[in-house]
Every structure is written in structure tokens, then in C-alpha cells.
Amino acid sequence: MNAIAAAELKMLARNRVVAGGALLFPLVFGGFLYMTRDTHRANGNLAGVQMVVMVAMGTYVTATTTLASRRQTLYLKRLRGAAVSDRAIIVGLVAPLVAVNAAQLAFVLGVLASSDAPANPLLLILAIVIAQAMFAGLAMATAGFSTSPEHAQYTTMPIFLAATAAAVWFQATGTDGLIAVKRALPGGALAELVATAWNGGSLASVPLLLAACLAWAAAGVLAARMFFRWEPRR
Amino acid sequence: MSRAVVRARHYAGSAPAEIVERMREATDDTIIEARDVGYTYRTKRGAADGGYVAVRGLGLTVNRGETYALLGTNGAGKTTTLEVLEGHRAPTSGRVRVLGGDPADRRGVRPRMGIMLQDSGLAAELTVRDSVQLAGAISGRHDDVGQVLERVGMAGKRSTRVAQLSGGERRRVDFAMAVWGTPELVFLDEPTTGLDPESRAALWAVVGELKAAGTTFLLTTHYLEEAEKSADRIGLMHAGTLRREGTVAELTAEGTTTVRFVPPGAVDDIPVPVAGTENGLVVIRTRAVQRDVTTLMDWAAANGHELARFSVRESGLDDIFRALGTEGATP
């Protein structure tokens, strides 16, 4: 697994297009949200949007594209011919992207925390872990439908847009109006969870929010089990 | 040193106890055993049209230390057969045992086999060294990347990215990955496709070295002369089934020898049956070559004939192969 992850990091560093997508865009987007923030409002809602968008972009879209690409070039098939388990292959491929994304999040949220620290850092870390698991699972599932990395640019759009919209919607309106819909959308409950961790206050809704996030993570893993393919369709 | 210990020293770290145990058990000389194996690809219409039957009723045995070549027409099912035996595909019918176990067993069986796929699956961004090192790290066997690259003639390209390699060079990298750590069994799917003659010879030389060390090979190739030279036994596939199997001598034993020469006079005067004429040459096909050639020579000497452009050619694999192409889909 370590060898696969190390190779993946090298490939990430050597491919400018993928490096741009995985490293630059999420960071730029997170920075843009920070620069245009409303300084009169609590930072929690902004942190929620930053995290959902950055993970959706850096982990979900990049992992989907990477998996589709590795399958198209038969790299996955080659790895599967070796003495490592399927789980080790997937973790080896996705872990570097998750690690890079987590480092980006740490930087962007760290800047935000310098002016207004999160009230519940442990809950925030839990939210980050769940976000990564959820979007990595969804990436595997989406990769099952993506025939090529180019195709993945389209297949990732529904979940990416839904997650971004839910997070932005939550940032703008908070828990007012149609809260059940916001929480049901991918990224909605996650944004609220981050806001709760950052702003503090009642933790009564946390179990529900965790359940919603975990449900999406489970749906991603389940869909991945059903739809993920190791070789291009013949 | 026991055979199991000799084999065990190739494995990275200490070989799992179950592998060592299986190696001890593997005194049986059968390395690959396929019984009545079939493989059907699911098509986009699913099971509605029954799918595409690539392999059916295939029975095959490969013994330890043997080099077995699968030959066949395009679309005969060679690569699918190989992928089933490698554990890349589960057979849709029949039974496969490789090295005494399931070829898809990553822990017990895979560390003992090397695989060279028909399509490389190399990562364009990695260097030659990175690629071989990665393959080695996940193979479950030990080796030295420098020595392996030296062996396949790619040491000078160790820092070159795969994207910059020619097709032939990529095949050599593929081959390096397959033979990393001297596995007991190596699958080679069209290993010399795209290689220049010198590189082909070099690759077969390495195969010869490994074979001398006890490695078993199962390969496919379109180069009949390579199979003829390197394989102990050959299986001929057509339309998803194994049609013939044996040594080159066995396969060609039933073939005829062809005698050709310029007829010195009327064809009807020739004292052995004539099959026809080609480009002004008489063509005689015979299974009793010594008798018929003696008859011809005696006849020519007695009549003062000179048999211009006289040639005798034994039937080879290419004749058998061509005949295969004319056979129907069912044996």
C-alpha cells in the first residue's frame, strides 16, 4: 500500500493538470471564500462551505478522475495482478489525495481560526474525517460510471454541485427553512456540523448530522461495491 | 538446500507460514491445471443475448519447469485463457488450479507468479525505475531493481519516464516486472510484440536462463518460430477451444512433406502422385518422403532428367496454423 501511495504522490507531482486540480483549485477557492467573507458573521458557516467545497473538489473530483484514469490505462489491472489486496490498492491510490486535501484544509481553516478559533476542535476533526470518508466513497462509486478522466469531469458534477449548493445554502440561511432538505443533501449536514463545531452552542443536533453524513458515506461505499470496475468495459 | 527453501528466499521479508507450507506440499509437478474451463463476457445487453463466449471446454495442464505456448488465430481466446489462469478473471465454468491453489489468491499464490499483460498498464508519469520498483514492492518477492533492469537491457533508461519510451521499451519494462524476484511461474502475453529482433533474442535468452533455474512459463505469441524454438509444448486454440496440443514434433507428425521441382517434361510422366503445380513447379505432398524422393531420383537418373529447383520441405507449425484458420467454430 505504501509503495502504491508513494507512486501516486510522484504521479500527482509530475502531472501538472492533475496537480492543478488537486492542489491549486481547492486552495484558491478556499482562499477566495476567506477573502470575500462577511466579517460581521460567525466564521462557522464560512468554514462549513470552505470544507465542503474543498473536499468535494480536492478529494471527490480528483479521486474520481484519478480512478477513472488508472482504470483506463489498465494501471488498476496491473496492480490487481500483484500480491496486494483490493483494499490496499484503493487506499494506496486515494490516501495521498486525502492527505494532500487534509493538509490544504488545515492551512485554510487554520488561517480562519487565527481570527476566530473553533469552539469544538475535536468535533471539527471528526467532521473532516467523515467528510473525507464520505467523498472518497462517493468518488469510488462515481468512478464506476466514468469511462475516462474526461468523462469524470461530467459525472462528478451532480454531486459536486449538490454539495456546494447545500453548503452555500446553509451558509446563507443557516438552520432556517427547509432544514430537513438541507441536511439530506450531500454536504448540507456536513456544513452544519462544521458550523456547529466552530460556532459552539447546543450539540443536540450533532447525532442527527453525523447520521446524515455517515449515511452518505455508507451510500458511497455501497454504491462503490456495486458499481466500481477494475477494468474498462469490453 | 530444499526446493521450498530455495523458493522461499525470493519472498520479501519472511514468507507467510501458509505459503511455505503450500510450497512444501507443491511437490506435485503440475503447476497449472484447467479443467473444462469456459469464460463468457457479459455484453451491454446483459444476459439477454447470452454474452460472448470467449473460451469453452478448455482443458490444459502445464508441468513444473515447462514452457508452454498458446498459439491461435486472432480472437481465438488466448488472452482470455491466460487472464483466467492468472486469476484476473474467474472462469464462468470449469475449474482452475495454479501452483496448487486459486490463482486469485493474493497472499498464497500471487507472490509465486509473475504476469506480463498484453496491454502494459504502466503509469506514464513514473520513470522506468519507479515502475519496476513499484511492481517489485507489491509482488511479494525480493530482487534488486538495478540488476533486473540490467537483465532486460533497460539500465540506461532507468530515469526515463514511461511516457517517453518506445513500444518495445515498454514491453521490456513489462517483462522486467514479470520476472522480478524469479517467480516459479511466469505468464507472458505476446511478450515480443513490438520488439526488434535483437531485443526479442535478448528476451528469449532471459527466458532460457530462468527456465534453466526451474521457472515455468505459459505464454502466447504470434511468432510461430519463437514458439517452435522456445516451447516444450504448444497448444493451438481456435474459436475459444483448444484444438491441438503437443510438442512441435507431435503436432507436425501428421503433416505432409512437400517436394517441389521444375518438371523436366510432361507432368503425367512423373512416377509419384502430383498434388498440383505452383509458379511452374510441380508440387508433391507425401507422408513417405524417403520412398518418394528415392523413386524420383531413380526416375531422373534413369531418364537423364535434371530436376531444377528441387526442394523438400517438412510441414511446420505454420501449415498446422493455417489449417486451423479454415476449421469451423466447433471442433
# chains A, B, ... in the order shown; residues from 1 in each chain; ligands from 1
call {"tool": "closest_atom_pairs", "arguments": {"of": "chain B", "to": "chain A", "cutoff": "6 Å", "atoms": "only C-alpha atoms", "output": "JSON lines"}}
result
{"residue": "B:Arg106", "atom": "CA", "partner": "A:Ala83", "partner_atom": "CA", "distance": 4.5}
{"residue": "B:Arg107", "atom": "CA", "partner": "A:Ala83", "partner_atom": "CA", "distance": 6.0}
{"residue": "B:Arg110", "atom": "CA", "partner": "A:Ala83", "partner_atom": "CA", "distance": 5.2}
{"residue": "B:Pro111", "atom": "CA", "partner": "A:Ala83", "partner_atom": "CA", "distance": 5.6}
{"residue": "B:Gly121", "atom": "CA", "partner": "A:Tyr75", "partner_atom": "CA", "distance": 4.3}
{"residue": "B:Leu122", "atom": "CA", "partner": "A:Tyr75", "partner_atom": "CA", "distance": 5.9}
{"residue": "B:Glu125", "atom": "CA", "partner": "A:Met11", "partner_atom": "CA", "distance": 5.4}
{"residue": "B:Leu134", "atom": "CA", "partner": "A:Ala3", "partner_atom": "CA", "distance": 5.9}
{"residue": "B:Ile138", "atom": "CA", "partner": "A:Ala83", "partner_atom": "CA", "distance": 5.8}
{"residue": "B:Ser139", "atom": "CA", "partner": "A:Ala82", "partner_atom": "CA", "distance": 5.2}
{"residue": "B:Gly140", "atom": "CA", "partner": "A:Ala83", "partner_atom": "CA", "distance": 5.9}
call {"tool": "select_by_dssp", "arguments": {"residues": "range 21-218 of chain A", "states": "helix (DSSP H, G or I)", "output": "PyMOL selection string"}}
result
chain A and resi 21-35+43-72+75-80+86-113+121-145+149-155+157-173+179-184+188-199+206-218
call {"tool": "residues_around", "arguments": {"residues": "Asn279 in chain B", "least_positions_apart": "2", "cutoff": "12 Å", "atoms": "only C-alpha atoms", "output": "ChimeraX atom specification"}}
result
/B:260-263,276-277,281-283,309
call {"tool": "residues_around", "arguments": {"residues": "Ala131 in chain A", "least_positions_apart": "4", "cutoff": "9 Å", "atoms": "only C-alpha atoms", "output": "ChimeraX atom specification"}}
result
/A:51-52,55-56,126-127,135-136,187,190,213-214,217
call {"tool": "residues_around", "arguments": {"residues": "Val53 in chain B", "least_positions_apart": "3", "cutoff": "10 Å", "atoms": "only C-alpha atoms", "output": "list of chain:residue names"}}
result
B:Gly38, B:Tyr39, B:Thr40, B:Tyr41, B:Arg42, B:Gly50, B:Arg56, B:Gly77, B:Thr92, B:Ala239, B:Gly240
call {"tool": "write_last_selection", "arguments": {"atoms": "all heavy atoms", "output": "PDB file, in the first residue's frame"}}
result
ATOM      1  N   GLY B  38     -14.530 -22.497 -19.074  1.00  0.00           N
ATOM      2  CA  GLY B  38     -15.237 -21.637 -20.014  1.00  0.00           C
ATOM      3  C   GLY B  38     -15.241 -20.213 -19.498  1.00  0.00           C
ATOM      4  O   GLY B  38     -15.170 -19.990 -18.284  1.00  0.00           O
ATOM      5  N   TYR B  39     -15.267 -19.249 -20.419  1.00  0.00           N
ATOM      6  CA  TYR B  39     -15.404 -17.858 -19.992  1.00  0.00           C
ATOM      7  C   TYR B  39     -16.303 -17.124 -20.986  1.00  0.00           C
ATOM      8  O   TYR B  39     -16.070 -17.141 -22.191  1.00  0.00           O
ATOM      9  CB  TYR B  39     -14.058 -17.143 -19.894  1.00  0.00           C
ATOM     10  CG  TYR B  39     -14.226 -15.791 -19.232  1.00  0.00           C
ATOM     11  CD1 TYR B  39     -14.215 -15.678 -17.855  1.00  0.00           C
ATOM     12  CD2 TYR B  39     -14.487 -14.652 -19.988  1.00  0.00           C
ATOM     13  CE1 TYR B  39     -14.439 -14.468 -17.232  1.00  0.00           C
ATOM     14  CE2 TYR B  39     -14.715 -13.431 -19.378  1.00  0.00           C
ATOM     15  CZ  TYR B  39     -14.687 -13.346 -17.994  1.00  0.00           C
ATOM     16  OH  TYR B  39     -14.929 -12.145 -17.379  1.00  0.00           O
ATOM     17  N   THR B  40     -17.329 -16.495 -20.437  1.00  0.00           N
ATOM     18  CA  THR B  40     -18.274 -15.739 -21.260  1.00  0.00           C
ATOM     19  C   THR B  40     -18.286 -14.286 -20.813  1.00  0.00           C
ATOM     20  O   THR B  40     -18.461 -14.000 -19.625  1.00  0.00           O
ATOM     21  CB  THR B  40     -19.700 -16.333 -21.115  1.00  0.00           C
ATOM     22  OG1 THR B  40     -19.646 -17.712 -21.480  1.00  0.00           O
ATOM     23  CG2 THR B  40     -20.698 -15.609 -22.008  1.00  0.00           C
ATOM     24  N   TYR B  41     -18.047 -13.387 -21.758  1.00  0.00           N
ATOM     25  CA  TYR B  41     -18.110 -11.951 -21.447  1.00  0.00           C
ATOM     26  C   TYR B  41     -19.560 -11.513 -21.445  1.00  0.00           C
ATOM     27  O   TYR B  41     -20.315 -11.869 -22.363  1.00  0.00           O
ATOM     28  CB  TYR B  41     -17.356 -11.136 -22.496  1.00  0.00           C
ATOM     29  CG  TYR B  41     -15.861 -11.253 -22.389  1.00  0.00           C
ATOM     30  CD1 TYR B  41     -15.152 -12.120 -23.207  1.00  0.00           C
ATOM     31  CD2 TYR B  41     -15.156 -10.497 -21.468  1.00  0.00           C
ATOM     32  CE1 TYR B  41     -13.775 -12.240 -23.111  1.00  0.00           C
ATOM     33  CE2 TYR B  41     -13.781 -10.601 -21.362  1.00  0.00           C
ATOM     34  CZ  TYR B  41     -13.097 -11.479 -22.181  1.00  0.00           C
ATOM     35  OH  TYR B  41     -11.737 -11.588 -22.082  1.00  0.00           O
ATOM     36  N   ARG B  42     -19.912 -10.728 -20.434  1.00  0.00           N
ATOM     37  CA  ARG B  42     -21.259 -10.141 -20.429  1.00  0.00           C
ATOM     38  C   ARG B  42     -21.262  -8.982 -21.401  1.00  0.00           C
ATOM     39  O   ARG B  42     -20.355  -8.161 -21.400  1.00  0.00           O
ATOM     40  CB  ARG B  42     -21.607  -9.632 -19.032  1.00  0.00           C
ATOM     41  CG  ARG B  42     -21.958 -10.753 -18.078  1.00  0.00           C
ATOM     42  CD  ARG B  42     -22.097 -10.232 -16.683  1.00  0.00           C
ATOM     43  NE  ARG B  42     -23.138  -9.218 -16.578  1.00  0.00           N
ATOM     44  CZ  ARG B  42     -23.297  -8.462 -15.498  1.00  0.00           C
ATOM     45  NH1 ARG B  42     -22.492  -8.592 -14.472  1.00  0.00           N
ATOM     46  NH2 ARG B  42     -24.250  -7.569 -15.451  1.00  0.00           N
ATOM     47  N   GLY B  50     -27.046 -13.880 -23.936  1.00  0.00           N
ATOM     48  CA  GLY B  50     -26.145 -14.975 -23.564  1.00  0.00           C
ATOM     49  C   GLY B  50     -24.698 -14.574 -23.454  1.00  0.00           C
ATOM     50  O   GLY B  50     -23.876 -15.370 -23.022  1.00  0.00           O
ATOM     51  N   ARG B  56     -14.289 -22.034 -24.220  1.00  0.00           N
ATOM     52  CA  ARG B  56     -15.231 -23.085 -23.790  1.00  0.00           C
ATOM     53  C   ARG B  56     -14.529 -24.444 -23.733  1.00  0.00           C
ATOM     54  O   ARG B  56     -13.698 -24.759 -24.592  1.00  0.00           O
ATOM     55  CB  ARG B  56     -16.445 -23.140 -24.697  1.00  0.00           C
ATOM     56  CG  ARG B  56     -16.110 -23.349 -26.134  1.00  0.00           C
ATOM     57  CD  ARG B  56     -17.335 -23.206 -26.987  1.00  0.00           C
ATOM     58  NE  ARG B  56     -16.939 -22.739 -28.306  1.00  0.00           N
ATOM     59  CZ  ARG B  56     -17.762 -22.439 -29.259  1.00  0.00           C
ATOM     60  NH1 ARG B  56     -19.038 -22.492 -29.058  1.00  0.00           N
ATOM     61  NH2 ARG B  56     -17.329 -22.049 -30.433  1.00  0.00           N
ATOM     62  N   GLY B  77      -9.140 -16.668 -28.195  1.00  0.00           N
ATOM     63  CA  GLY B  77      -9.378 -16.779 -26.751  1.00  0.00           C
ATOM     64  C   GLY B  77      -8.105 -16.981 -25.949  1.00  0.00           C
ATOM     65  O   GLY B  77      -8.157 -17.345 -24.770  1.00  0.00           O
ATOM     66  N   THR B  92     -16.233 -18.753 -15.923  1.00  0.00           N
ATOM     67  CA  THR B  92     -17.694 -18.849 -15.784  1.00  0.00           C
ATOM     68  C   THR B  92     -18.118 -20.314 -15.684  1.00  0.00           C
ATOM     69  O   THR B  92     -19.234 -20.616 -15.289  1.00  0.00           O
ATOM     70  CB  THR B  92     -18.416 -18.154 -16.960  1.00  0.00           C
ATOM     71  OG1 THR B  92     -17.746 -18.471 -18.179  1.00  0.00           O
ATOM     72  CG2 THR B  92     -18.404 -16.658 -16.794  1.00  0.00           C
ATOM     73  N   ALA B 239     -11.299 -20.356 -32.113  1.00  0.00           N
ATOM     74  CA  ALA B 239     -12.703 -20.120 -31.740  1.00  0.00           C
ATOM     75  C   ALA B 239     -13.014 -20.551 -30.308  1.00  0.00           C
ATOM     76  O   ALA B 239     -14.030 -21.183 -30.034  1.00  0.00           O
ATOM     77  CB  ALA B 239     -13.632 -20.832 -32.720  1.00  0.00           C
ATOM     78  N   GLY B 240     -12.105 -20.232 -29.383  1.00  0.00           N
ATOM     79  CA  GLY B 240     -12.373 -20.450 -27.956  1.00  0.00           C
ATOM     80  C   GLY B 240     -12.074 -21.843 -27.443  1.00  0.00           C
ATOM     81  O   GLY B 240     -12.286 -22.126 -26.271  1.00  0.00           O
TER      82      GLY B 240
END
call {"tool": "closest_atom_pairs", "arguments": {"of": "range 94-213 of chain B", "to": "range 60-67 of chain B", "cutoff": "12 Å", "atoms": "only C-alpha atoms", "output": "CSV"}}
result
residue,atom,partner,partner_atom,distance
B:Gly94,CA,B:Leu60,CA,11.5
B:Arg95,CA,B:Leu60,CA,10.6
B:Val96,CA,B:Leu60,CA,9.3
B:Arg97,CA,B:Thr61,CA,9.7
B:Val98,CA,B:Val62,CA,9.3
B:Leu99,CA,B:Arg64,CA,9.3
B:Gly100,CA,B:Arg64,CA,11.6
B:Pro183,CA,B:Gly65,CA,11.5
B:Glu184,CA,B:Gly65,CA,8.5
B:Leu185,CA,B:Arg64,CA,8.4
B:Val186,CA,B:Thr67,CA,9.5
B:Phe187,CA,B:Thr67,CA,10.0
B:Leu188,CA,B:Thr67,CA,10.5
B:Trp204,CA,B:Thr67,CA,11.5
B:Val207,CA,B:Thr67,CA,9.2
B:Gly208,CA,B:Thr67,CA,9.6
B:Glu209,CA,B:Gly65,CA,11.6
B:Leu210,CA,B:Gly65,CA,9.3
B:Lys211,CA,B:Gly65,CA,6.3
B:Ala212,CA,B:Gly65,CA,8.0
B:Ala213,CA,B:Gly65,CA,8.4
call {"tool": "write_last_selection", "arguments": {"atoms": "C-alpha atoms", "output": "PDB file, in the first residue's frame"}}
result
ATOM      1  CA  GLY B  94     -14.907 -25.306 -15.009  1.00  0.00           C
ATOM      2  CA  ARG B  95     -12.062 -25.332 -12.540  1.00  0.00           C
ATOM      3  CA  VAL B  96      -8.598 -23.772 -12.450  1.00  0.00           C
ATOM      4  CA  ARG B  97      -5.746 -24.552 -10.073  1.00  0.00           C
ATOM      5  CA  VAL B  98      -2.429 -22.767 -10.285  1.00  0.00           C
ATOM      6  CA  LEU B  99       0.502 -23.650  -8.036  1.00  0.00           C
ATOM      7  CA  GLY B 100      -1.881 -25.821  -6.093  1.00  0.00           C
ATOM      8  CA  PRO B 183       8.936 -16.334  -9.752  1.00  0.00           C
ATOM      9  CA  GLU B 184       8.136 -20.021 -10.022  1.00  0.00           C
ATOM     10  CA  LEU B 185       5.625 -19.359 -12.760  1.00  0.00           C
ATOM     11  CA  VAL B 186       5.604 -16.577 -15.358  1.00  0.00           C
ATOM     12  CA  PHE B 187       2.757 -15.690 -17.703  1.00  0.00           C
ATOM     13  CA  LEU B 188       3.822 -13.850 -20.853  1.00  0.00           C
ATOM     14  CA  TRP B 204      14.252 -15.249 -25.023  1.00  0.00           C
ATOM     15  CA  VAL B 207      13.516 -16.799 -20.515  1.00  0.00           C
ATOM     16  CA  GLY B 208      16.089 -19.519 -21.150  1.00  0.00           C
ATOM     17  CA  GLU B 209      18.092 -18.532 -18.056  1.00  0.00           C
ATOM     18  CA  LEU B 210      15.018 -18.572 -15.861  1.00  0.00           C
ATOM     19  CA  LYS B 211      13.835 -21.840 -17.344  1.00  0.00           C
ATOM     20  CA  ALA B 212      17.214 -23.349 -16.539  1.00  0.00           C
ATOM     21  CA  ALA B 213      16.677 -22.158 -12.956  1.00  0.00           C
TER      22      ALA B 213
END
call {"tool": "residues_around", "arguments": {"residues": "range 147-149 of chain B", "least_positions_apart": "5", "cutoff": "9 Å", "atoms": "only C-alpha atoms", "output": "JSON, numbers by chain"}}
result
{"B": [128, 129, 132, 154, 155, 156, 157, 158, 172, 173, 176, 177, 179, 180, 181]}
call {"tool": "write_last_selection", "arguments": {"atoms": "N, CA, C and O atoms", "output": "short mmCIF file (atom, residue, chain, number, x, y, z; two decimals), in the first residue's frame"}}
result
data_model
loop_
_atom_site.label_atom_id
_atom_site.label_comp_id
_atom_site.auth_asym_id
_atom_site.auth_seq_id
_atom_site.Cartn_x
_atom_site.Cartn_y
_atom_site.Cartn_z
N VAL B 128 11.18 4.51 -15.41
CA VAL B 128 11.37 3.06 -15.56
C VAL B 128 11.69 2.46 -14.19
O VAL B 128 11.12 1.45 -13.78
N ARG B 129 12.59 3.12 -13.49
CA ARG B 129 13.00 2.61 -12.18
C ARG B 129 11.81 2.60 -11.19
O ARG B 129 11.59 1.61 -10.51
N VAL B 132 9.33 -0.30 -12.10
CA VAL B 132 9.79 -1.65 -11.76
C VAL B 132 9.86 -1.80 -10.24
O VAL B 132 9.51 -2.85 -9.69
N MET B 154 17.50 -2.41 -19.82
CA MET B 154 16.89 -1.09 -19.64
C MET B 154 17.61 -0.25 -18.59
O MET B 154 17.09 0.79 -18.17
N ALA B 155 18.79 -0.68 -18.19
CA ALA B 155 19.51 0.05 -17.13
C ALA B 155 19.81 1.48 -17.58
O ALA B 155 19.76 2.42 -16.77
N GLY B 156 20.09 1.66 -18.85
CA GLY B 156 20.41 3.00 -19.36
C GLY B 156 19.22 3.93 -19.39
O GLY B 156 19.36 5.14 -19.57
N LYS B 157 18.02 3.37 -19.25
CA LYS B 157 16.80 4.19 -19.32
C LYS B 157 16.13 4.29 -17.97
O LYS B 157 14.94 4.63 -17.88
N ARG B 158 16.84 3.97 -16.91
CA ARG B 158 16.22 3.88 -15.59
C ARG B 158 15.53 5.17 -15.16
O ARG B 158 14.51 5.15 -14.49
N ARG B 172 9.74 -4.23 -22.60
CA ARG B 172 10.86 -4.72 -21.80
C ARG B 172 10.66 -4.37 -20.32
O ARG B 172 11.05 -5.14 -19.43
N VAL B 173 10.06 -3.21 -20.06
CA VAL B 173 9.75 -2.86 -18.67
C VAL B 173 8.70 -3.84 -18.12
O VAL B 173 8.81 -4.34 -16.99
N ALA B 176 10.42 -6.97 -17.29
CA ALA B 176 11.21 -6.82 -16.06
C ALA B 176 10.32 -7.02 -14.84
O ALA B 176 10.69 -7.68 -13.87
N MET B 177 9.10 -6.44 -14.91
CA MET B 177 8.17 -6.57 -13.78
C MET B 177 7.74 -8.02 -13.58
O MET B 177 7.58 -8.48 -12.46
N VAL B 179 9.40 -10.78 -14.34
CA VAL B 179 10.44 -11.72 -13.88
C VAL B 179 11.11 -11.26 -12.59
O VAL B 179 12.05 -11.90 -12.12
N TRP B 180 10.62 -10.14 -12.03
CA TRP B 180 11.17 -9.63 -10.75
C TRP B 180 11.14 -10.76 -9.70
O TRP B 180 10.11 -11.39 -9.49
N GLY B 181 12.28 -10.99 -9.08
CA GLY B 181 12.32 -11.96 -7.98
C GLY B 181 12.27 -13.42 -8.41
O GLY B 181 12.05 -14.29 -7.59
#
call {"tool": "atom_distance", "arguments": {"atom1": "CA of Ala135 in chain B", "atom2": "CA of Gly214 in chain B"}}
result
21.9 Å
call {"tool": "residues_around", "arguments": {"residues": "range 34-37 of chain A", "least_positions_apart": "5", "cutoff": "12 Å", "atoms": "only C-alpha atoms", "output": "VMD selection string"}}
result
chain A and resid 27 to 29 42 to 51 107 to 113 115 171 to 172
call {"tool": "atom_distance", "arguments": {"atom1": "CA of Ile234 in chain B", "atom2": "CA of Leu251 in chain B"}}
result
8.3 Å
